[in-house]
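So this block is run.pdb, PDB, C-alpha atoms:
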ATOM      1  CA  MET V   1       0.000   0.000   0.000
ATOM      2  CA  THR V   2       2.922   2.385  -0.474
ATOM      3  CA  ASP V   3       1.899   5.753  -1.836
ATOM      4  CA  ASP V   4       4.312   8.040  -3.679
ATOM      5  CA  ARG V   5       1.926  10.843  -4.593
ATOM      6  CA  ALA V   6       4.484  13.490  -3.704
ATOM      7  CA  GLY V   7       5.911  13.164  -7.220
ATOM      8  CA  GLY V   8       2.505  13.092  -8.889
ATOM      9  CA  PRO V   9      -0.158  10.466  -9.382
ATOM     10  CA  ALA V  10       1.109   6.901  -9.053
ATOM     11  CA  ALA V  11      -0.662   3.753 -10.135
ATOM     12  CA  GLY V  12      -2.848   2.451  -7.360
ATOM     13  CA  ASN V  13      -3.067   5.687  -5.349
ATOM     14  CA  HIS V  14      -6.791   5.932  -5.882
ATOM     15  CA  GLU V  15      -7.253   2.387  -4.567
ATOM     16  CA  ILE V  16      -5.016   3.140  -1.580
ATOM     17  CA  ASN V  17      -7.041   6.222  -0.702
ATOM     18  CA  VAL V  18     -10.341   4.392  -1.148
ATOM     19  CA  SER V  19      -9.073   1.678   1.199
ATOM     20  CA  LEU V  20      -7.978   4.218   3.811
ATOM     21  CA  ARG V  21     -11.251   6.096   3.419
ATOM     22  CA  HIS V  22     -13.180   2.852   3.910
ATOM     23  CA  CYS V  23     -11.204   2.328   7.125
ATOM     24  CA  LEU V  24     -12.256   5.817   8.249
ATOM     25  CA  ALA V  25     -15.896   5.114   7.365
ATOM     26  CA  THR V  26     -15.703   1.877   9.377
ATOM     27  CA  LEU V  27     -14.193   3.771  12.303
ATOM     28  CA  ALA V  28     -16.994   6.355  12.092
ATOM     29  CA  TYR V  29     -19.701   3.682  11.974
ATOM     30  CA  ARG V  30     -18.345   1.779  14.954
ATOM     31  CA  ALA V  31     -17.459   4.886  16.960
ATOM     32  CA  GLY V  32     -20.949   6.258  16.337
ATOM     33  CA  LYS V  33     -22.457   3.204  17.987
ATOM     34  CA  ALA V  34     -20.111   3.543  20.968
ATOM     35  CA  VAL V  35     -20.702   7.256  21.631
ATOM     36  CA  ARG V  36     -24.329   7.736  20.565
ATOM     37  CA  ASP V  37     -26.809   7.949  23.450
ATOM     38  CA  ALA V  38     -24.147   7.508  26.112
ATOM     39  CA  PRO V  39     -25.695   7.677  29.578
ATOM     40  CA  PRO V  40     -25.310  10.767  31.784
ATOM     41  CA  GLY V  41     -21.951  10.815  33.542
ATOM     42  CA  PHE V  42     -20.463   8.241  31.160
ATOM     43  CA  SER V  43     -17.627  10.570  30.202
ATOM     44  CA  GLU V  44     -16.254  10.403  33.753
ATOM     45  CA  LEU V  45     -16.691   6.663  34.399
ATOM     46  CA  HIS V  46     -13.713   5.539  36.478
ATOM     47  CA  LEU V  47     -12.417   1.981  36.568
ATOM     48  CA  THR V  48     -10.774   0.431  39.594
ATOM     49  CA  GLU V  49      -7.442   0.484  37.715
ATOM     50  CA  PRO V  50      -6.088   3.945  38.626
ATOM     51  CA  THR V  51      -4.276   4.503  35.311
ATOM     52  CA  ALA V  52      -7.245   3.555  33.099
ATOM     53  CA  MET V  53      -8.575   6.422  31.019
ATOM     54  CA  THR V  54     -12.135   7.646  31.463
ATOM     55  CA  PRO V  55     -14.400   7.458  28.398
ATOM     56  CA  GLY V  56     -14.067  11.234  28.028
ATOM     57  CA  ARG V  57     -10.282  10.977  27.979
ATOM     58  CA  ILE V  58     -10.441   8.080  25.476
ATOM     59  CA  LEU V  59     -12.652  10.127  23.165
ATOM     60  CA  GLU V  60     -10.364  13.147  23.483
ATOM     61  CA  HIS V  61      -7.422  10.906  22.528
ATOM     62  CA  MET V  62      -9.343   9.594  19.505
ATOM     63  CA  GLY V  63      -9.798  13.178  18.297
ATOM     64  CA  ASP V  64      -6.081  13.785  18.859
ATOM     65  CA  LEU V  65      -5.286  10.701  16.778
ATOM     66  CA  MET V  66      -7.346  11.881  13.818
ATOM     67  CA  GLU V  67      -5.841  15.386  13.945
ATOM     68  CA  TRP V  68      -2.365  13.823  14.142
ATOM     69  CA  ALA V  69      -3.128  11.521  11.192
ATOM     70  CA  LEU V  70      -4.211  14.472   9.052
ATOM     71  CA  SER V  71      -1.088  16.419   9.974
ATOM     72  CA  MET V  72       1.115  13.493   8.927
ATOM     73  CA  ALA V  73      -0.817  12.985   5.693
ATOM     74  CA  GLN V  74      -0.176  16.661   4.939
ATOM     75  CA  GLY V  75       3.528  16.381   5.791
ATOM     76  CA  ARG V  76       3.430  18.626   8.852
ATOM     77  CA  GLU V  77       3.344  16.140  11.729
ATOM     78  CA  THR V  78       2.078  17.801  14.895
ATOM     79  CA  TRP V  79       0.463  16.392  18.017
ATOM     80  CA  PRO V  80      -2.577  18.371  19.218
ATOM     81  CA  LYS V  81      -2.256  20.118  22.569
ATOM     82  CA  GLY V  82      -5.848  20.165  23.695
ATOM     83  CA  THR V  83      -7.598  20.017  27.001
ATOM     84  CA  PRO V  84     -10.493  17.712  27.879
ATOM     85  CA  ARG V  85     -13.898  19.120  27.014
ATOM     86  CA  ALA V  86     -17.500  18.090  27.594
ATOM     87  CA  TRP V  87     -18.581  14.759  26.041
ATOM     88  CA  ASP V  88     -20.709  16.341  23.287
ATOM     89  CA  VAL V  89     -17.886  18.713  22.359
ATOM     90  CA  GLU V  90     -15.397  15.831  22.146
ATOM     91  CA  VAL V  91     -17.847  13.797  20.022
ATOM     92  CA  GLU V  92     -18.136  16.735  17.618
ATOM     93  CA  ARG V  93     -14.365  17.251  17.615
ATOM     94  CA  PHE V  94     -13.632  13.572  16.864
ATOM     95  CA  PHE V  95     -16.074  13.367  13.964
ATOM     96  CA  GLY V  96     -14.903  16.750  12.654
ATOM     97  CA  ALA V  97     -11.279  15.587  12.665
ATOM     98  CA  LEU V  98     -12.318  12.332  11.003
ATOM     99  CA  ALA V  99     -14.171  14.287   8.283
ATOM    100  CA  ALA V 100     -11.177  16.580   7.708
ATOM    101  CA  PHE V 101      -8.848  13.582   7.331
ATOM    102  CA  ASP V 102     -11.307  11.897   4.956
ATOM    103  CA  ALA V 103     -11.660  15.091   2.890
ATOM    104  CA  TYR V 104      -7.886  15.294   2.533
ATOM    105  CA  LEU V 105      -7.722  11.671   1.371
ATOM    106  CA  ALA V 106     -10.504  12.403  -1.134
ATOM    107  CA  SER V 107      -8.631  15.405  -2.543
ATOM    108  CA  PRO V 108      -5.901  15.338  -5.188
ATOM    109  CA  ALA V 109      -3.398  16.614  -2.603
ATOM    110  CA  PRO V 110      -0.319  14.436  -2.183
ATOM    111  CA  LEU V 111      -0.169  11.950   0.666
ATOM    112  CA  GLN V 112       2.990  12.801   2.612
ATOM    113  CA  ALA V 113       3.051   9.726   4.871
ATOM    114  CA  PRO V 114       2.958   6.024   4.012
ATOM    115  CA  ALA V 115      -0.634   4.777   3.900
ATOM    116  CA  GLU V 116       0.234   1.622   5.799
ATOM    117  CA  ARG V 117       1.718   3.677   8.648
ATOM    118  CA  LEU V 118      -1.363   5.877   8.805
ATOM    119  CA  PHE V 119      -3.413   2.718   9.181
ATOM    120  CA  GLN V 120      -1.155   0.875  11.632
ATOM    121  CA  GLY V 121      -0.755   3.948  13.821
ATOM    122  CA  PRO V 122      -3.602   6.394  14.358
ATOM    123  CA  ILE V 123      -6.419   4.543  12.573
ATOM    124  CA  ALA V 124      -5.816   1.159  14.227
ATOM    125  CA  ASP V 125      -5.280   2.868  17.582
ATOM    126  CA  ALA V 126      -8.627   4.654  17.269
ATOM    127  CA  LEU V 127     -10.356   1.363  16.428
ATOM    128  CA  THR V 128      -8.892  -0.128  19.607
ATOM    129  CA  HIS V 129     -10.280   2.795  21.587
ATOM    130  CA  VAL V 130     -13.754   2.264  20.097
ATOM    131  CA  GLY V 131     -13.645  -1.197  21.670
ATOM    132  CA  GLN V 132     -12.645   0.335  24.992
ATOM    133  CA  LEU V 133     -15.607   2.710  24.826
ATOM    134  CA  ALA V 134     -17.967  -0.164  24.005
ATOM    135  CA  THR V 135     -16.639  -2.149  26.968
ATOM    136  CA  ARG V 136     -17.088   0.818  29.282
ATOM    137  CA  ARG V 137     -20.644   1.282  27.997
ATOM    138  CA  ARG V 138     -21.408  -2.291  29.141
ATOM    139  CA  MET V 139     -19.778  -1.562  32.506
ATOM    140  CA  ALA V 140     -21.920   1.574  32.831
ATOM    141  CA  GLY V 141     -25.079  -0.482  32.296
ATOM    142  CA  ALA V 142     -25.712   0.948  28.807
ATOM    143  CA  PRO V 143     -24.255  -1.685  26.463
ATOM    144  CA  VAL V 144     -23.943  -1.240  22.722
ATOM    145  CA  ARG V 145     -25.944  -3.817  20.783
ATOM    146  CA  GLY V 146     -23.915  -6.318  18.795
ATOM    147  CA  GLU V 147     -24.066  -6.300  15.042
ATOM    148  CA  ASN V 148     -22.919  -8.269  12.019
ATOM    149  CA  TYR V 149     -20.492  -5.643  10.711
ATOM    150  CA  PHE V 150     -19.776  -7.668   7.584
ATOM    151  CA  VAL V 151     -23.186  -6.702   6.205
ATOM    152  CA  ALA V 152     -23.290  -3.197   7.706
ATOM    153  CA  ASP V 153     -23.987  -0.307   5.328
ATOM    154  CA  ILE V 154     -20.597   1.380   5.630
ATOM    155  CA  ALA V 155     -19.824   3.767   2.777
ATOM    156  CA  VAL V 156     -16.678   5.655   1.834
ATOM    157  CA  GLY V 157     -17.173   9.313   2.698
ATOM    158  CA  ARG V 158     -19.805   8.700   5.397
ATOM    159  CA  VAL V 159     -17.700   9.700   8.394
ATOM    160  CA  GLY V 160     -20.094  11.651  10.606
ATOM    161  CA  LEU V 161     -21.917  10.673  13.770
ATOM    162  CA  GLU V 162     -25.087   9.988  11.827
ATOM    163  CA  GLN V 163     -24.810   6.650  10.078
ATOM    164  CA  ALA V 164     -27.032   4.225   8.198
ATOM    165  CA  PRO V 165     -29.215   2.094  10.457
ATOM    166  CA  PRO V 166     -27.898  -1.358  11.316
ATOM    167  CA  VAL V 167     -28.633  -4.079   8.768
ATOM    168  CA  ARG V 168     -28.362  -7.002  11.175
ATOM    169  CA  GLU V 169     -28.162  -5.893  14.796
ATOM    170  CA  SER V 170     -28.731  -8.162  17.781
ATOM    171  CA  ALA V 171     -32.255  -7.942  19.178
ATOM    172  CA  VAL V 172     -30.875  -7.863  22.700
ATOM    173  CA  VAL V 173     -27.501  -7.400  24.309
ATOM    174  CA  PRO V 174     -26.286 -10.822  25.402
ATOM    175  CA  PRO V 175     -25.889 -11.135  29.153
ATOM    176  CA  LYS V 176     -22.498 -11.631  30.712
ATOM    177  CA  ASN V 177     -21.531 -15.290  30.887
ATOM    178  CA  PRO V 178     -20.929 -16.722  34.328
ATOM    179  CA  ALA V 179     -17.294 -17.379  35.202
ATOM    180  CA  GLY V 180     -16.090 -20.674  33.812
ATOM    181  CA  SER V 181     -18.928 -21.033  31.290
ATOM    182  CA  GLY V 182     -16.482 -21.121  28.372
ATOM    183  CA  GLY V 183     -18.349 -18.395  26.483
ATOM    184  CA  THR V 184     -17.363 -14.860  25.709
ATOM    185  CA  ASP V 185     -18.538 -11.729  27.391
ATOM    186  CA  GLY V 186     -18.691  -9.545  24.230
TER
END
Before anything else, please render the file you have as structure tokens.
Amino acid sequence: MTDDRAGGPAAGNHEINVSLRHCLATLAYRAGKAVRDAPPGFSELHLTEPTAMTPGRILEHMGDLMEWALSMAQGRETWPKGTPRAWDVEVERFFGALAAFDAYLASPAPLQAPAERLFQGPIADALTHVGQLATRRRMAGAPVRGENYFVADIAVGRVGLEQAPPVRESAVVPPKNPAGSGGTDG
């Protein structure tokens, strides 16, 4: 997936950008499920592990990651120096940064960082954090319903909070399995 657009269009660049943009659309779809309709106080949910980030801090970091990714794609790597904000503000910031990164990938501007590094770094990290948010939602008593993501209506360019409705979502959230049952806890 190497991209050498700095010297002009290279064969396969369009496919590379479409793949990265599909990753961003997937991130938006999954993150939307994790942040939408979060219960009151969710942003400040503390775990017993003292170094674990709160959901608000995780979401702030996800916004930082997308701003960082865009800066690298543009060849001006900078790490954002923000401060934590209210949940709704961080949700808006994350999806805004995601949209800006997607818009850059959709443009004819040259990609100044290797596509595979953009994926393995900030994009994959943000996907991990979506899972952390989903886990914390379950812990807060407001679990995210499971879904068959293979058939989900995820479209390149759809990177906002509002997403297509689920195609095949679980009717109920499965209960936690008792210890030793051999099942998974989702």
Where does the PyMOL selection byres ((chain V and resi 165) around 12) land in this file, that is, which residues does it pick, as a PyMOL selection string?
chain V and resi 29-30+32-33+147+149+151-154+161-164+166-169
Explicit residues for the PyMOL selection byres ((chain V and resi 78-86) around 7) (as a compact mmCIF listing (two decimals) with C-alpha atoms, in the coordinates of the input):
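Contents of part-v7.txt, freshly written:
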# COMPACT_ATOMS: atom_id res chain seq x y z
CA ARG V 57 -10.28 10.98 27.98
CA GLU V 60 -10.36 13.15 23.48
CA ASP V 64 -6.08 13.78 18.86
CA GLU V 67 -5.84 15.39 13.94
CA TRP V 68 -2.37 13.82 14.14
CA SER V 71 -1.09 16.42 9.97
CA ARG V 76 3.43 18.63 8.85
CA GLU V 77 3.34 16.14 11.73
CA TRP V 87 -18.58 14.76 26.04
CA ASP V 88 -20.71 16.34 23.29
CA VAL V 89 -17.89 18.71 22.36
CA GLU V 90 -15.40 15.83 22.15
List every protein, DNA or RNA residue that has an atom no more than 7 Å from (-9.1, 13.8, 12.6) in the file's coordinate frame, counting only C-alpha atoms, and report them as a ChimeraX atom specification.
/V:63-70,94,96-101
Please save C-alpha atoms of the selected residues as a PDB file, keeping the file's coordinate frame.
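Contents of again-v1.pdb, freshly written:
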ATOM      1  CA  GLY V  63      -9.798  13.178  18.297  1.00  0.00           C
ATOM      2  CA  ASP V  64      -6.081  13.785  18.859  1.00  0.00           C
ATOM      3  CA  LEU V  65      -5.286  10.701  16.778  1.00  0.00           C
ATOM      4  CA  MET V  66      -7.346  11.881  13.818  1.00  0.00           C
ATOM      5  CA  GLU V  67      -5.841  15.386  13.945  1.00  0.00           C
ATOM      6  CA  TRP V  68      -2.365  13.823  14.142  1.00  0.00           C
ATOM      7  CA  ALA V  69      -3.128  11.521  11.192  1.00  0.00           C
ATOM      8  CA  LEU V  70      -4.211  14.472   9.052  1.00  0.00           C
ATOM      9  CA  PHE V  94     -13.632  13.572  16.864  1.00  0.00           C
ATOM     10  CA  GLY V  96     -14.903  16.750  12.654  1.00  0.00           C
ATOM     11  CA  ALA V  97     -11.279  15.587  12.665  1.00  0.00           C
ATOM     12  CA  LEU V  98     -12.318  12.332  11.003  1.00  0.00           C
ATOM     13  CA  ALA V  99     -14.171  14.287   8.283  1.00  0.00           C
ATOM     14  CA  ALA V 100     -11.177  16.580   7.708  1.00  0.00           C
ATOM     15  CA  PHE V 101      -8.848  13.582   7.331  1.00  0.00           C
TER      16      PHE V 101
END
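Residues matching the PyMOL selection byres ((chain V and resi 107) around 12) in this structure come to V:Arg5, V:Pro9, V:Asn13, V:His14, V:Asn17, V:Val18, V:Arg21, V:Ala73, V:Gln74, V:Ala100, V:Phe101, V:Asp102, V:Ala103, V:Tyr104, V:Leu105, V:Ala106, V:Pro108, V:Ala109, V:Pro110, V:Leu111, V:Gly157.
One distance worth recording is that between CA of Ala142 in chain V and CA of His22 in chain V, which is 27.9 Å.
Closest approach to Thr48 in chain V among V:Met139, V:Leu24, V:Leu127, V:Ala134 is made by V:Met139 (distances from all atoms listed in the file).
Nearest to Val144 in chain V of all the residues V:Leu20, V:Ala31, V:Ala52, V:Met72 is V:Ala31, counting all atoms listed in the file.
For the pair CA of Gln112 in chain V and CA of Glu15 in chain V, the separation is 16.3 Å.
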Take range 141-155 of chain V, bring it up to N, CA, C and O atoms, and give me the output as an mmCIF file, in the frame of the given file.
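Result file is selection.cif:
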data_model
loop_
_atom_site.group_PDB
_atom_site.id
_atom_site.type_symbol
_atom_site.label_atom_id
_atom_site.label_comp_id
_atom_site.auth_asym_id
_atom_site.auth_seq_id
_atom_site.Cartn_x
_atom_site.Cartn_y
_atom_site.Cartn_z
ATOM 1 N N GLY V 141 -23.696 -0.030 32.347
ATOM 2 C CA GLY V 141 -25.079 -0.482 32.296
ATOM 3 C C GLY V 141 -25.824 -0.011 31.061
ATOM 4 O O GLY V 141 -27.053 -0.058 31.011
ATOM 5 N N ALA V 142 -25.100 0.468 30.050
ATOM 6 C CA ALA V 142 -25.712 0.948 28.807
ATOM 7 C C ALA V 142 -24.971 0.318 27.623
ATOM 8 O O ALA V 142 -24.334 1.012 26.835
ATOM 9 N N PRO V 143 -25.049 -1.005 27.499
ATOM 10 C CA PRO V 143 -24.255 -1.685 26.463
ATOM 11 C C PRO V 143 -24.677 -1.334 25.042
ATOM 12 O O PRO V 143 -25.828 -0.979 24.783
ATOM 13 N N VAL V 144 -23.713 -1.443 24.153
ATOM 14 C CA VAL V 144 -23.943 -1.240 22.722
ATOM 15 C C VAL V 144 -24.400 -2.592 22.164
ATOM 16 O O VAL V 144 -23.813 -3.626 22.466
ATOM 17 N N ARG V 145 -25.445 -2.567 21.363
ATOM 18 C CA ARG V 145 -25.944 -3.817 20.783
ATOM 19 C C ARG V 145 -24.966 -4.347 19.749
ATOM 20 O O ARG V 145 -24.395 -3.596 18.964
ATOM 21 N N GLY V 146 -24.784 -5.669 19.766
ATOM 22 C CA GLY V 146 -23.915 -6.318 18.795
ATOM 23 C C GLY V 146 -24.489 -6.210 17.396
ATOM 24 O O GLY V 146 -25.671 -5.928 17.209
ATOM 25 N N GLU V 147 -23.632 -6.433 16.427
ATOM 26 C CA GLU V 147 -24.066 -6.300 15.042
ATOM 27 C C GLU V 147 -23.170 -7.142 14.146
ATOM 28 O O GLU V 147 -22.001 -7.353 14.444
ATOM 29 N N ASN V 148 -23.709 -7.604 13.048
ATOM 30 C CA ASN V 148 -22.919 -8.269 12.019
ATOM 31 C C ASN V 148 -22.340 -7.157 11.141
ATOM 32 O O ASN V 148 -23.004 -6.653 10.242
ATOM 33 N N TYR V 149 -21.114 -6.757 11.423
ATOM 34 C CA TYR V 149 -20.492 -5.643 10.711
ATOM 35 C C TYR V 149 -20.134 -5.992 9.271
ATOM 36 O O TYR V 149 -19.929 -5.106 8.452
ATOM 37 N N PHE V 150 -20.072 -7.256 8.955
ATOM 38 C CA PHE V 150 -19.776 -7.668 7.584
ATOM 39 C C PHE V 150 -20.849 -7.173 6.621
ATOM 40 O O PHE V 150 -20.554 -6.818 5.484
ATOM 41 N N VAL V 151 -22.088 -7.136 7.076
ATOM 42 C CA VAL V 151 -23.186 -6.702 6.205
ATOM 43 C C VAL V 151 -23.623 -5.261 6.483
ATOM 44 O O VAL V 151 -24.574 -4.773 5.869
ATOM 45 N N ALA V 152 -22.938 -4.576 7.374
ATOM 46 C CA ALA V 152 -23.290 -3.197 7.706
ATOM 47 C C ALA V 152 -23.165 -2.291 6.484
ATOM 48 O O ALA V 152 -22.318 -2.516 5.615
ATOM 49 N N ASP V 153 -24.000 -1.269 6.431
ATOM 50 C CA ASP V 153 -23.987 -0.307 5.328
ATOM 51 C C ASP V 153 -22.956 0.781 5.635
ATOM 52 O O ASP V 153 -23.295 1.876 6.079
ATOM 53 N N ILE V 154 -21.700 0.450 5.406
ATOM 54 C CA ILE V 154 -20.597 1.380 5.630
ATOM 55 C C ILE V 154 -20.149 1.870 4.264
ATOM 56 O O ILE V 154 -19.854 1.071 3.378
ATOM 57 N N ALA V 155 -20.130 3.192 4.087
ATOM 58 C CA ALA V 155 -19.824 3.767 2.777
ATOM 59 C C ALA V 155 -18.685 4.770 2.870
ATOM 60 O O ALA V 155 -18.646 5.593 3.792
#
